[in-house]
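Participant: Enclosed is the structure file input_6.txt (compact mmCIF, C-alpha atoms and all ligand atoms).
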# COMPACT_ATOMS: atom_id res chain seq x y z
CA MET P 1 20.82 -114.01 -4.65
CA CYS P 2 17.86 -116.16 -3.80
CA LEU P 3 18.64 -115.77 -0.15
CA SER P 4 15.81 -114.40 1.92
CA ILE P 5 16.18 -113.64 5.59
CA PRO P 6 13.63 -113.37 8.41
CA ALA P 7 13.37 -109.72 9.41
CA LYS P 8 11.30 -108.03 12.10
CA ILE P 9 9.21 -105.02 11.14
CA ILE P 10 10.04 -102.03 13.33
CA GLU P 11 8.15 -99.23 11.62
CA ILE P 12 5.97 -98.77 8.56
CA LYS P 13 5.73 -95.65 6.43
CA ASP P 14 3.55 -95.85 3.31
CA ASP P 15 4.75 -98.92 1.42
CA THR P 16 8.18 -99.07 3.03
CA ALA P 17 9.12 -100.72 6.30
CA THR P 18 12.16 -100.39 8.49
CA VAL P 19 13.11 -103.93 9.44
CA GLU P 20 15.65 -105.38 11.82
CA ILE P 21 17.96 -108.31 11.23
CA GLY P 22 20.42 -109.22 13.97
CA GLY P 23 20.51 -105.67 15.34
CA ASN P 24 20.91 -103.91 11.96
CA HIS P 25 18.21 -101.91 10.25
CA TYR P 26 17.26 -102.18 6.58
CA SER P 27 14.45 -100.85 4.46
CA ALA P 28 11.96 -103.21 2.85
CA GLY P 29 9.35 -102.59 0.16
CA LEU P 30 5.94 -103.81 1.34
CA GLN P 31 4.21 -103.70 -2.06
CA MET P 32 3.76 -107.48 -2.18
CA LEU P 33 2.08 -107.88 1.21
CA ASP P 34 -1.22 -106.83 2.72
CA ASP P 35 -1.90 -106.66 6.35
CA VAL P 36 1.51 -106.45 8.01
CA ASN P 37 2.20 -104.62 11.24
CA PRO P 38 5.17 -103.63 13.37
CA GLY P 39 6.33 -106.68 15.30
CA ASP P 40 5.54 -109.08 12.43
CA TYR P 41 8.34 -111.07 10.84
CA VAL P 42 8.70 -111.07 7.08
CA LEU P 43 11.09 -112.68 4.64
CA LEU P 44 13.33 -110.01 3.16
CA HIS P 45 14.56 -110.60 -0.38
CA ALA P 46 16.53 -108.06 -2.45
CA GLY P 47 14.90 -105.13 -0.69
CA PHE P 48 11.32 -106.46 -0.69
CA ALA P 49 9.28 -108.25 1.94
CA ILE P 50 8.08 -111.28 0.00
CA GLN P 51 6.00 -113.06 2.63
CA LYS P 52 4.86 -112.79 6.21
CA ILE P 53 6.27 -115.59 8.36
CA SER P 54 3.59 -117.59 10.07
CA ASP P 55 4.48 -117.97 13.72
CA GLN P 56 1.87 -120.66 14.18
CA GLN P 57 3.29 -122.73 11.33
CA ALA P 58 6.81 -122.18 12.62
CA ARG P 59 5.81 -123.51 16.02
CA GLU P 60 3.94 -126.48 14.57
CA THR P 61 6.98 -127.47 12.50
CA LEU P 62 9.19 -127.35 15.58
CA GLU P 63 6.72 -129.36 17.63
CA LEU P 64 6.55 -131.99 14.93
CA LEU P 65 10.34 -132.15 14.83
CA ARG P 66 10.53 -132.58 18.59
CA GLU P 67 7.82 -135.24 18.62
CA MET P 68 9.68 -137.19 15.98
CA GLY P 69 12.66 -137.32 18.32
CA ASP P 70 10.54 -138.60 21.20
CA LEU P 71 9.14 -141.40 19.08
CA SER P 72 12.47 -142.77 17.97
CA MET T 1 18.01 -115.03 15.42
CA LYS T 2 14.34 -115.91 15.52
CA TYR T 3 13.16 -118.47 12.96
CA MET T 4 16.76 -119.50 12.37
CA ASP T 5 18.52 -120.60 15.58
CA GLU T 6 15.78 -122.91 16.78
CA TYR T 7 16.12 -124.91 13.57
CA ARG T 8 19.83 -125.45 14.21
CA ASP T 9 19.29 -127.37 17.45
CA ARG T 10 21.75 -130.26 17.71
CA LYS T 11 19.29 -132.68 19.27
CA LEU T 12 16.70 -132.12 16.53
CA ILE T 13 19.37 -132.67 13.92
CA ASP T 14 20.56 -135.91 15.51
CA ASN T 15 16.98 -137.18 15.75
CA LEU T 16 16.35 -136.46 12.10
CA VAL T 17 19.54 -138.17 10.97
CA GLY T 18 18.50 -141.19 13.08
CA GLN T 19 15.08 -141.27 11.42
CA ILE T 20 16.56 -140.96 7.94
CA THR T 21 18.94 -143.85 8.62
CA LYS T 22 16.09 -145.96 9.97
CA ARG T 23 13.57 -145.23 7.21
CA ALA T 24 15.72 -145.51 4.09
CA SER T 25 15.71 -149.13 2.93
CA ARG T 26 17.76 -148.37 -0.19
CA PRO T 27 20.11 -145.68 -1.50
CA TYR T 28 18.52 -142.41 -2.66
CA THR T 29 19.78 -139.45 -4.64
CA PHE T 30 18.04 -136.10 -4.41
CA MET T 31 18.66 -132.87 -6.23
CA GLU T 32 18.58 -129.54 -4.45
CA VAL T 33 17.44 -127.20 -7.16
CA CYS T 34 18.08 -123.91 -5.40
CA GLY T 35 21.51 -122.33 -4.99
CA GLY T 36 20.50 -121.17 -1.52
CA HIS T 37 20.04 -124.80 -0.56
CA THR T 38 23.42 -125.74 -2.06
CA MET T 39 25.05 -123.11 0.09
CA ALA T 40 23.19 -124.14 3.28
CA ILE T 41 23.85 -127.85 2.69
CA HIS T 42 27.60 -127.30 2.50
CA LYS T 43 27.75 -124.65 5.18
CA PHE T 44 26.08 -126.95 7.70
CA GLY T 45 27.97 -130.03 6.51
CA ILE T 46 24.76 -131.95 5.76
CA PRO T 47 26.42 -134.53 3.44
CA SER T 48 28.74 -135.63 6.25
CA LEU T 49 25.76 -136.16 8.58
CA LEU T 50 23.83 -138.36 6.17
CA PRO T 51 24.10 -142.13 6.00
CA GLY T 52 26.23 -143.34 3.09
CA GLY T 53 23.36 -144.25 0.76
CA ILE T 54 21.77 -140.80 0.71
CA ARG T 55 23.33 -138.47 -1.85
CA LEU T 56 22.66 -134.89 -2.81
CA LYS T 57 23.26 -133.29 -6.19
CA SER T 58 23.26 -129.60 -6.95
CA GLY T 59 20.92 -128.34 -9.64
CA PRO T 60 20.44 -125.36 -11.91
CA GLY T 61 19.00 -122.96 -9.32
CA CYS T 62 21.80 -120.43 -9.10
CA PRO T 63 20.67 -117.50 -11.26
CA VAL T 64 24.18 -116.15 -11.70
CA CYS T 65 25.46 -119.56 -12.81
CA VAL T 66 22.90 -120.13 -15.55
CA THR T 67 23.11 -116.60 -16.97
CA ALA T 68 24.31 -116.50 -20.57
CA LYS T 69 27.63 -114.92 -21.51
CA THR T 70 25.78 -112.76 -24.04
CA TYR T 71 23.94 -111.16 -21.15
CA ILE T 72 27.20 -110.09 -19.50
CA ASP T 73 28.56 -108.93 -22.87
CA ARG T 74 25.45 -106.85 -23.41
CA ALA T 75 25.67 -105.32 -19.92
CA ILE T 76 29.31 -104.41 -20.58
CA THR T 77 28.35 -102.83 -23.90
CA TYR T 78 25.88 -100.61 -22.05
CA ALA T 79 28.43 -99.80 -19.37
CA ARG T 80 30.83 -98.52 -22.05
CA MET T 81 28.35 -95.85 -23.14
CA PRO T 82 29.42 -92.60 -21.47
CA ASP T 83 25.94 -91.58 -20.32
CA VAL T 84 25.01 -94.97 -18.85
CA ILE T 85 25.09 -96.13 -15.24
CA VAL T 86 24.76 -99.89 -14.85
CA CYS T 87 23.27 -101.06 -11.53
CA THR T 88 23.75 -104.71 -10.60
CA TYR T 89 23.52 -107.18 -7.75
CA GLY T 90 27.04 -107.83 -6.47
CA ASP T 91 26.95 -111.50 -7.48
CA LEU T 92 27.10 -110.64 -11.16
CA LEU T 93 30.18 -108.40 -11.04
CA ARG T 94 32.83 -111.07 -11.49
CA VAL T 95 31.03 -113.36 -13.92
CA PRO T 96 33.24 -113.70 -16.99
CA GLY T 97 31.80 -112.48 -20.28
CA SER T 98 33.53 -113.02 -23.63
CA ARG T 99 35.97 -110.21 -22.96
CA GLY T 100 36.22 -109.80 -19.21
CA SER T 101 33.69 -109.14 -16.45
CA LEU T 102 31.73 -106.10 -15.28
CA TYR T 103 34.33 -105.83 -12.55
CA ASP T 104 37.09 -105.50 -15.16
CA GLN T 105 35.02 -102.95 -17.03
CA ARG T 106 34.54 -100.91 -13.88
CA ALA T 107 38.31 -100.83 -13.42
CA LYS T 108 38.48 -99.28 -16.89
CA GLY T 109 36.37 -96.39 -15.62
CA SER T 110 32.79 -97.34 -16.45
CA ASP T 111 30.09 -96.34 -13.98
CA ILE T 112 28.94 -99.71 -12.65
CA ARG T 113 27.27 -99.67 -9.25
CA MET T 114 26.47 -102.50 -6.93
CA VAL T 115 22.96 -102.34 -5.51
CA TYR T 116 21.24 -104.53 -3.03
CA SER T 117 17.79 -103.86 -4.40
CA LEU T 118 16.18 -102.53 -7.54
CA LEU T 119 14.72 -99.76 -5.37
CA GLU T 120 18.25 -98.36 -5.07
CA ALA T 121 18.62 -98.37 -8.84
CA LEU T 122 15.41 -96.34 -9.08
CA ARG T 123 16.93 -93.83 -6.69
CA VAL T 124 20.06 -93.58 -8.84
CA ALA T 125 17.81 -92.88 -11.85
CA ARG T 126 15.99 -90.11 -9.97
CA GLU T 127 19.26 -88.54 -8.87
CA HIS T 128 20.75 -88.58 -12.38
CA PRO T 129 17.99 -87.44 -14.74
CA ASN T 130 20.49 -86.74 -17.53
CA ARG T 131 21.94 -90.23 -17.54
CA ARG T 132 20.46 -93.57 -18.49
CA VAL T 133 20.33 -96.17 -15.72
CA VAL T 134 20.30 -99.85 -16.68
CA PHE T 135 19.38 -102.32 -13.95
CA LEU T 136 20.48 -105.92 -14.49
CA GLY T 137 17.38 -107.95 -13.63
CA ILE T 138 18.40 -111.53 -12.91
CA GLY T 139 16.87 -114.14 -10.64
CA PHE T 140 13.98 -116.57 -10.53
CA GLU T 141 10.40 -116.19 -9.36
CA THR T 142 11.64 -114.89 -6.00
CA THR T 143 13.28 -111.83 -7.54
CA ALA T 144 11.12 -111.14 -10.60
CA PRO T 145 8.17 -109.62 -8.67
CA GLY T 146 10.54 -107.00 -7.21
CA SER T 147 11.66 -106.07 -10.73
CA ALA T 148 8.01 -105.85 -11.73
CA VAL T 149 7.20 -103.53 -8.83
CA GLY T 150 10.19 -101.38 -9.80
CA ILE T 151 9.17 -101.13 -13.45
CA LEU T 152 5.62 -100.18 -12.47
CA GLN T 153 6.99 -97.55 -10.12
CA ALA T 154 9.28 -96.12 -12.83
CA ASP T 155 6.30 -96.02 -15.17
CA ARG T 156 4.15 -94.16 -12.64
CA GLU T 157 6.93 -91.64 -11.97
CA ARG T 158 7.65 -91.31 -15.69
CA LEU T 159 11.33 -92.05 -15.03
CA SER T 160 12.19 -92.14 -18.71
CA ASN T 161 15.90 -92.79 -17.99
CA PHE T 162 15.33 -96.12 -16.18
CA PHE T 163 15.71 -99.46 -17.98
CA VAL T 164 15.78 -103.10 -16.97
CA LEU T 165 17.76 -105.74 -18.85
CA SER T 166 15.74 -108.83 -18.01
CA SER T 167 17.29 -112.24 -17.67
CA HIS T 168 14.66 -113.39 -15.18
CA LYS T 169 14.03 -117.09 -15.38
CA LEU T 170 11.38 -119.58 -14.35
CA MET T 171 12.27 -122.67 -12.34
CA PRO T 172 9.85 -125.44 -13.45
CA PRO T 173 11.05 -125.70 -17.10
CA ALA T 174 14.58 -126.37 -15.83
CA MET T 175 13.32 -129.02 -13.41
CA ASP T 176 11.42 -130.64 -16.30
CA ALA T 177 14.50 -130.55 -18.52
CA ILE T 178 16.55 -132.37 -15.89
CA ALA T 179 13.88 -135.00 -15.43
CA GLU T 180 13.65 -135.41 -19.24
CA ASP T 181 17.41 -135.59 -19.50
CA GLY T 182 17.38 -138.73 -17.39
CA VAL T 183 19.61 -137.46 -14.56
CA ALA T 184 19.47 -140.25 -11.99
CA ILE T 185 17.54 -138.71 -9.11
CA ASP T 186 14.68 -139.93 -6.93
CA GLY T 187 13.30 -136.56 -6.00
CA TYR T 188 13.67 -132.83 -5.72
CA LEU T 189 14.33 -130.66 -2.73
CA CYS T 190 12.18 -127.88 -4.19
CA PRO T 191 13.28 -124.25 -3.90
CA GLY T 192 11.80 -122.64 -0.77
CA HIS T 193 11.85 -118.99 -1.67
CA VAL T 194 10.77 -119.45 -5.28
CA SER T 195 7.79 -121.36 -3.86
CA THR T 196 7.05 -118.53 -1.42
CA ILE T 197 5.95 -116.62 -4.52
CA THR T 198 4.67 -119.40 -6.79
CA GLY T 199 3.12 -121.83 -4.32
CA SER T 200 3.52 -125.59 -4.63
CA ALA T 201 1.02 -126.59 -7.34
CA MET T 202 3.54 -125.99 -10.13
CA TYR T 203 5.52 -129.08 -9.08
CA ARG T 204 2.56 -131.46 -9.22
CA HIS T 205 3.22 -132.69 -12.74
CA ILE T 206 6.83 -133.48 -11.80
CA ALA T 207 5.59 -135.95 -9.19
CA GLU T 208 2.82 -137.26 -11.46
CA ASP T 209 4.62 -137.45 -14.81
CA TYR T 210 8.13 -138.37 -13.72
CA GLY T 211 7.44 -140.16 -10.43
CA LEU T 212 9.82 -137.87 -8.58
CA ALA T 213 9.18 -137.01 -4.94
CA CYS T 214 8.96 -133.25 -4.29
CA VAL T 215 9.31 -131.44 -0.97
CA VAL T 216 9.49 -127.64 -0.68
CA SER T 217 12.18 -127.07 1.91
CA GLY T 218 13.38 -124.34 4.23
CA PHE T 219 17.03 -123.41 4.58
CA GLU T 220 18.06 -124.31 8.12
CA PRO T 221 19.70 -127.69 8.82
CA SER T 222 16.67 -129.25 10.47
CA ASP T 223 14.47 -127.97 7.62
CA ILE T 224 16.68 -129.68 5.06
CA LEU T 225 16.94 -132.92 7.03
CA GLN T 226 13.20 -133.02 7.67
CA SER T 227 12.59 -132.49 3.96
CA LEU T 228 14.95 -135.34 3.08
CA LEU T 229 13.09 -137.55 5.55
CA MET T 230 9.75 -136.56 3.96
CA LEU T 231 11.14 -137.43 0.51
CA ILE T 232 12.27 -140.83 1.77
CA VAL T 233 8.95 -141.56 3.46
CA GLN T 234 7.12 -140.76 0.19
CA LEU T 235 9.35 -143.04 -1.82
CA GLU T 236 9.30 -145.89 0.70
CA ALA T 237 5.48 -145.77 0.44
CA GLN T 238 5.83 -145.56 -3.38
CA GLN T 239 3.73 -142.41 -3.37
CA PRO T 240 5.68 -139.57 -4.90
CA LYS T 241 3.83 -136.29 -4.41
CA VAL T 242 4.33 -132.64 -3.55
CA GLU T 243 4.63 -131.63 0.10
CA ILE T 244 5.61 -128.42 1.84
CA GLN T 245 8.05 -128.65 4.73
CA TYR T 246 8.72 -124.89 4.80
CA LYS T 247 5.21 -124.07 5.98
CA ARG T 248 6.17 -120.96 7.91
CA ALA T 249 6.95 -119.18 4.63
CA VAL T 250 5.25 -121.13 1.85
CA ARG T 251 1.48 -121.29 1.35
CA PRO T 252 0.14 -123.73 -1.25
CA GLU T 253 -1.17 -120.80 -3.30
CA GLY T 254 2.05 -118.75 -2.94
CA ASN T 255 1.96 -114.97 -2.79
CA ILE T 256 -0.82 -114.04 -5.19
CA LYS T 257 -0.17 -110.32 -5.04
CA ALA T 258 3.48 -110.81 -6.01
CA ARG T 259 2.49 -113.16 -8.82
CA ASN T 260 0.05 -110.62 -10.17
CA PHE T 261 2.79 -107.98 -10.37
CA MET T 262 4.95 -110.47 -12.23
CA ASP T 263 2.18 -111.32 -14.71
CA GLN T 264 1.34 -107.68 -15.23
CA VAL T 265 4.87 -106.74 -16.32
CA PHE T 266 6.43 -109.92 -17.72
CA VAL T 267 5.52 -112.52 -20.31
CA PRO T 268 7.22 -115.94 -20.67
CA ARG T 269 9.67 -116.45 -23.57
CA ASP T 270 12.16 -119.14 -24.56
CA ASP T 271 15.47 -118.62 -22.81
CA TRP T 272 18.98 -120.08 -22.72
CA TRP T 273 20.45 -121.73 -19.61
CA ARG T 274 24.08 -122.67 -19.09
CA GLY T 275 24.17 -126.47 -19.14
CA LEU T 276 20.57 -126.93 -20.22
CA GLY T 277 20.52 -124.87 -23.41
CA GLU T 278 17.39 -123.23 -24.77
CA LEU T 279 14.24 -124.08 -22.78
CA LYS T 280 10.73 -123.28 -23.88
CA ASN T 281 8.95 -120.53 -21.92
CA SER T 282 11.67 -120.53 -19.27
CA GLY T 283 12.48 -116.83 -19.27
CA LEU T 284 10.62 -113.59 -18.67
CA ALA T 285 10.48 -110.75 -21.18
CA ILE T 286 9.09 -107.32 -20.36
CA ARG T 287 5.63 -106.83 -21.86
CA LYS T 288 5.04 -104.36 -24.72
CA GLU T 289 3.17 -101.97 -22.45
CA TYR T 290 6.39 -101.36 -20.52
CA GLN T 291 8.94 -101.67 -23.31
CA HIS T 292 10.00 -98.04 -22.82
CA HIS T 293 11.70 -99.41 -19.67
CA ASP T 294 13.06 -102.48 -21.46
CA ALA T 295 16.77 -102.06 -22.24
CA GLU T 296 16.59 -104.68 -25.00
CA TYR T 297 13.90 -102.72 -26.82
CA ALA T 298 14.79 -99.12 -25.96
CA MET T 299 18.59 -99.41 -26.15
CA PRO T 300 19.32 -101.91 -28.95
CA VAL T 301 22.97 -102.94 -29.29
CA GLU T 302 24.89 -105.57 -31.26
CA VAL T 303 26.99 -107.98 -29.23
CA THR T 304 29.18 -110.80 -30.45
CA THR T 305 29.74 -113.52 -27.92
CA GLN T 306 32.52 -116.08 -27.88
CA GLU T 307 31.15 -119.18 -26.31
CA GLU T 308 34.29 -121.24 -25.62
CA ASP T 309 34.74 -121.89 -21.93
CA HIS T 310 38.40 -122.83 -21.41
CA GLY T 311 37.69 -126.30 -20.04
CA CYS T 312 35.03 -125.21 -17.51
CA ILE T 313 32.42 -127.94 -17.02
CA CYS T 314 29.96 -125.70 -15.15
CA GLY T 315 27.19 -126.78 -17.53
CA GLU T 316 27.58 -130.44 -16.58
CA VAL T 317 27.63 -129.51 -12.89
CA LEU T 318 24.41 -127.50 -13.24
CA LYS T 319 22.71 -130.46 -14.91
CA GLY T 320 23.68 -132.79 -12.09
CA HIS T 321 25.90 -134.90 -14.39
CA SER T 322 29.19 -133.92 -12.73
CA GLU T 323 30.47 -132.75 -9.37
CA PRO T 324 32.72 -129.69 -9.08
CA THR T 325 35.57 -131.99 -8.06
CA ASP T 326 35.29 -133.73 -11.45
CA CYS T 327 36.57 -130.53 -13.07
CA PRO T 328 40.33 -130.58 -13.64
CA LEU T 329 40.47 -126.83 -13.01
CA PHE T 330 38.71 -127.00 -9.64
CA ALA T 331 40.78 -125.49 -6.80
CA SER T 332 43.80 -125.23 -9.08
CA ALA T 333 43.34 -122.77 -11.93
CA CYS T 334 39.78 -121.97 -10.79
CA ASN T 335 39.09 -120.58 -7.33
CA PRO T 336 36.91 -117.78 -5.88
CA VAL T 337 39.67 -115.16 -6.33
CA HIS T 338 40.30 -116.18 -9.95
CA PRO T 339 37.05 -117.79 -11.04
CA ILE T 340 37.00 -119.33 -14.52
CA GLY T 341 33.34 -120.31 -14.60
CA ALA T 342 30.16 -118.80 -13.18
CA CYS T 343 29.68 -121.66 -10.69
CA MET T 344 32.81 -120.47 -8.88
CA VAL T 345 31.81 -116.80 -8.98
CA SER T 346 28.49 -117.00 -7.26
CA SER T 347 28.22 -117.57 -3.54
CA GLU T 348 25.40 -119.95 -4.42
CA GLY T 349 27.32 -121.81 -7.10
CA ALA T 350 28.15 -125.45 -6.43
CA CYS T 351 31.86 -124.94 -7.19
CA GLN T 352 32.20 -122.09 -4.72
CA ALA T 353 30.21 -123.96 -2.05
CA PHE T 354 32.46 -127.00 -2.48
CA TYR T 355 35.55 -124.82 -2.35
CA LYS T 356 34.52 -122.68 0.57
CA TYR T 357 33.45 -125.51 2.80
CA LYS T 358 36.40 -127.67 1.79
CA ARG T 359 34.50 -130.57 0.34
CA TYR T 360 37.55 -131.46 -1.76
CA GLU T 361 40.01 -132.30 0.94
S1 LIG P 401 35.70 -125.41 -10.95
FE1 LIG P 401 35.67 -123.53 -12.16
S2 LIG P 401 36.19 -124.17 -14.21
FE2 LIG P 401 35.61 -126.02 -13.11
S3 LIG P 401 33.40 -126.26 -13.47
FE3 LIG P 401 33.60 -125.09 -11.60
S4 LIG P 401 33.50 -122.96 -12.28
FE4 LIG P 401 33.95 -124.19 -14.12
What's the C-alpha cells form of this structure?
Facilitator:
Amino acid sequence: MCLSIPAKIIEIKDDTATVEIGGNHYSAGLQMLDDVNPGDYVLLHAGFAIQKISDQQARETLELLREMGDLS
Amino acid sequence: MKYMDEYRDRKLIDNLVGQITKRASRPYTFMEVCGGHTMAIHKFGIPSLLPGGIRLKSGPGCPVCVTAKTYIDRAITYARMPDVIVCTYGDLLRVPGSRGSLYDQRAKGSDIRMVYSLLEALRVAREHPNRRVVFLGIGFETTAPGSAVGILQADRERLSNFFVLSSHKLMPPAMDAIAEDGVAIDGYLCPGHVSTITGSAMYRHIAEDYGLACVVSGFEPSDILQSLLMLIVQLEAQQPKVEIQYKRAVRPEGNIKARNFMDQVFVPRDDWWRGLGELKNSGLAIRKEYQHHDAEYAMPVEVTTQEEDHGCICGEVLKGHSEPTDCPLFASACNPVHPIGACMVSSEGACQAFYKYKRYE
C-alpha cells in the first residue's frame, strides 16, 4: 500500500507520464510534480508520481556509505 | 533496478553491521512505523544481521491493519446496492468485516473491482454514468494527496456518480500515542514515503518532547541499516533529533504541491485505529466544498458492527506490545490463506511478514 517504486519517465502527455519499471510500462499522474522530464526518475505510488528522485542525493548517500566502510 | 540494486550491495551491508556493532554500547529497541519497512526488514532478513542487543518492533503504519471493521462493513453495505460499483486497492479485499470480507461479498455477485490507482476508479465512473462508483480511500499521507487530486478531477468533470469513502489517516498522532503509551522504544525509524509528502519537521516534537531519536529511512537494506546506525549515533551522543537518511526522495519541506492538494480537499478529524483506539485529529474527512463526492455524506447508510475479534491480538501487535508469534492463532488457525486478523491480510502487516519470511521457525 505505502510502497513506492523508482520509475523512469519515458514520455509525458499533459499531466500523465508513461513510466518504466523493470521493463514494464505504467501510467503515472504528474499532478503533484513540477518540472519533470523524460529520463527523470520519480517515485511511483498508487498511480501517481509523488516525488522526483534526486540523483545527486542518491550518489552522495552511496559515497557516504562506502566511505564508512573504508574508515572501519 | 536503478536506485534499488546499489543499496543491496553485500559489502556495504557488512560494513554497516560492523559499524552498528561497534557503536552501540548498550541494547536498543527501535520501532519501524511504516508497513513498507516491516516488509523490507523481514524480506532482507535484517533482524538476523543485527547484533543481539538491537531489536526492532513493528508499529501502526499498515493502513489496512489499522482500518476499522465498521469501514469494511460500510463498504460491503454499499457493494450490496445494485447500482453501486465499489473500487478498492487489492489489499483491502480480504480484510474481515463483521460479516465477511469484500472478497466474500464479491463471490455473492456484488460488483467489487480491484484498482491500482484512484485514476482507474475515475475511469470506471466515466464509463458507467448510470451507476454510482464508490472508491475506498485508505492510506496515510502518501496516498491521501492522490485521493485529493482524484476528487478535484471528479469535481471539474462534474462526475456526479463518483464518491470516495475516506479512511485516510495521519501518521504523527499514532506515533505520539505510542510514545504516550510508554512502549519501551529508544527511537523511530520514520516512514520514508509518508515523509516524501510531509517533510521531516512534523517529527521534531517527538524528539524534543519524548527524547526519542528519529531517522527518516529508505527501504533498501543499506538504507535501513544506515538509519539504524544514525539512530544509535544520536543516542550514544545523547542528542535525539530528526535526521533524514532517505535524502534521494525526502526533502525537509516535503512535497508542498501534494500537501496543498491534501489541505484543499481534506480536513483533520478524530479517527479510530485498531490497537490505539480513537486519536484526536488523526484522520482525514472530505471538506464540505466537496461533500457531493463524499460517500459518507452523499450516500448515508446504517451499519452495525460486531467488534469481537476471535482471539486476534492484532491491536497489541500494532502498538508494539506483542509480537505476532505471541498470538496463539499465529500460523495455526491464522495464516495468509485464512487470515483471522487484518495484520495477516495485508502484505505490509507484521503477522504476514513474520509468516512469509518464516520468522517463527
Ligand atoms: S496471527 Fe492472525 S489472529 Fe493472531 S494477531 Fe496476527 S492477524 Fe491476529
Participant: Can you tell me, as a PyMOL selection string, what residues are no more than 6 Å from range 36-48 of chain P when counting all atoms listed in the file, ignoring any on the same chain fewer than 4 positions away?
Facilitator: (chain P and resi 4-11+28-29+52-53) or (chain T and resi 116-117)
Participant: Hey, what's within 7 Å of range 327-344 of chain T if we count only C-alpha atoms and toss same-chain stuff fewer than 2 positions away? As an MDAnalysis selection string, please?
Facilitator: chainID T and resid 64:65 95 312:314 324:325 346 349:352 355
Participant: Using all atoms listed in the file, find which residues of chain T lie within 8 Å of chain P and jot them down as a PyMOL selection string.
Facilitator: chain T and resi 1-4+7+12+15-16+18-19+34-36+62-63+89+91+116-119+139-140+142-143+146+149+193-194+196-197+226+245+247-249+255+257-258+348
Participant: Just to confirm, what's the straight-line distance from CA of Arg274 in chain T to CA of Glu323 in chain T in Å (one decimal)?
Facilitator: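 About the pair CA of Arg274 in chain T and CA of Glu323 in chain T: they are 15.4 Å apart.
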Participant: Suppose you want the space between CA of Ile224 in chain T and CA of Pro173 in chain T; what is it in Å?
Facilitator: 23.2 Å
Participant: Just how far from CA of Gly59 in chain T is atom S4 of ligand LIG 401 (chain P), in Å to one decimal?
Facilitator: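 Result for atom S4 of ligand LIG 401 (chain P) versus CA of Gly59 in chain T: 13.9 Å, one decimal.
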Participant: Taking 2 positions as the minimum chain separation for residues in the same chain, which residues sit within 9 Å of His293 in chain T when counting only C-alpha atoms? Answer as a list in words.
Facilitator: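 Listed by chain and then number, they are Ile151, Ala154, Asp155, Leu159, Ser160, Asn161, Phe162, Phe163, Val164, Leu165, Ile286, Tyr290, Gln291, Ala295, Glu296, Tyr297 and Ala298 of chain T.
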Participant: Determine the nearest neighbour of Ile72 in chain T from the options T:Ile206, T:Phe219, T:Thr305, T:Tyr28, counting all atoms listed in the file.
Facilitator: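 Among T:Ile206, T:Phe219, T:Thr305, T:Tyr28, it is T:Thr305 that comes nearest to Ile72 in chain T.
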Participant: Hey, which of T:Val183, T:Ile46, T:Leu152, T:Val66 ends up closest to His292 in chain T? Count all atoms listed in the file.
Facilitator: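 Of all the options, T:Leu152 lies closest to His292 in chain T.
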Participant: Using all atoms of ligand LIG 401 (chain P) that appear in the file, construct an axis-aligned enclosing box with 4 Å of padding on every side and provide its centre coordinates and edge lengths in Å, rounded to one decimal, as JSON.
Facilitator:
{"center_x": 34.8, "center_y": -124.6, "center_z": -12.6, "size_x": 10.8, "size_y": 11.3, "size_z": 11.3}
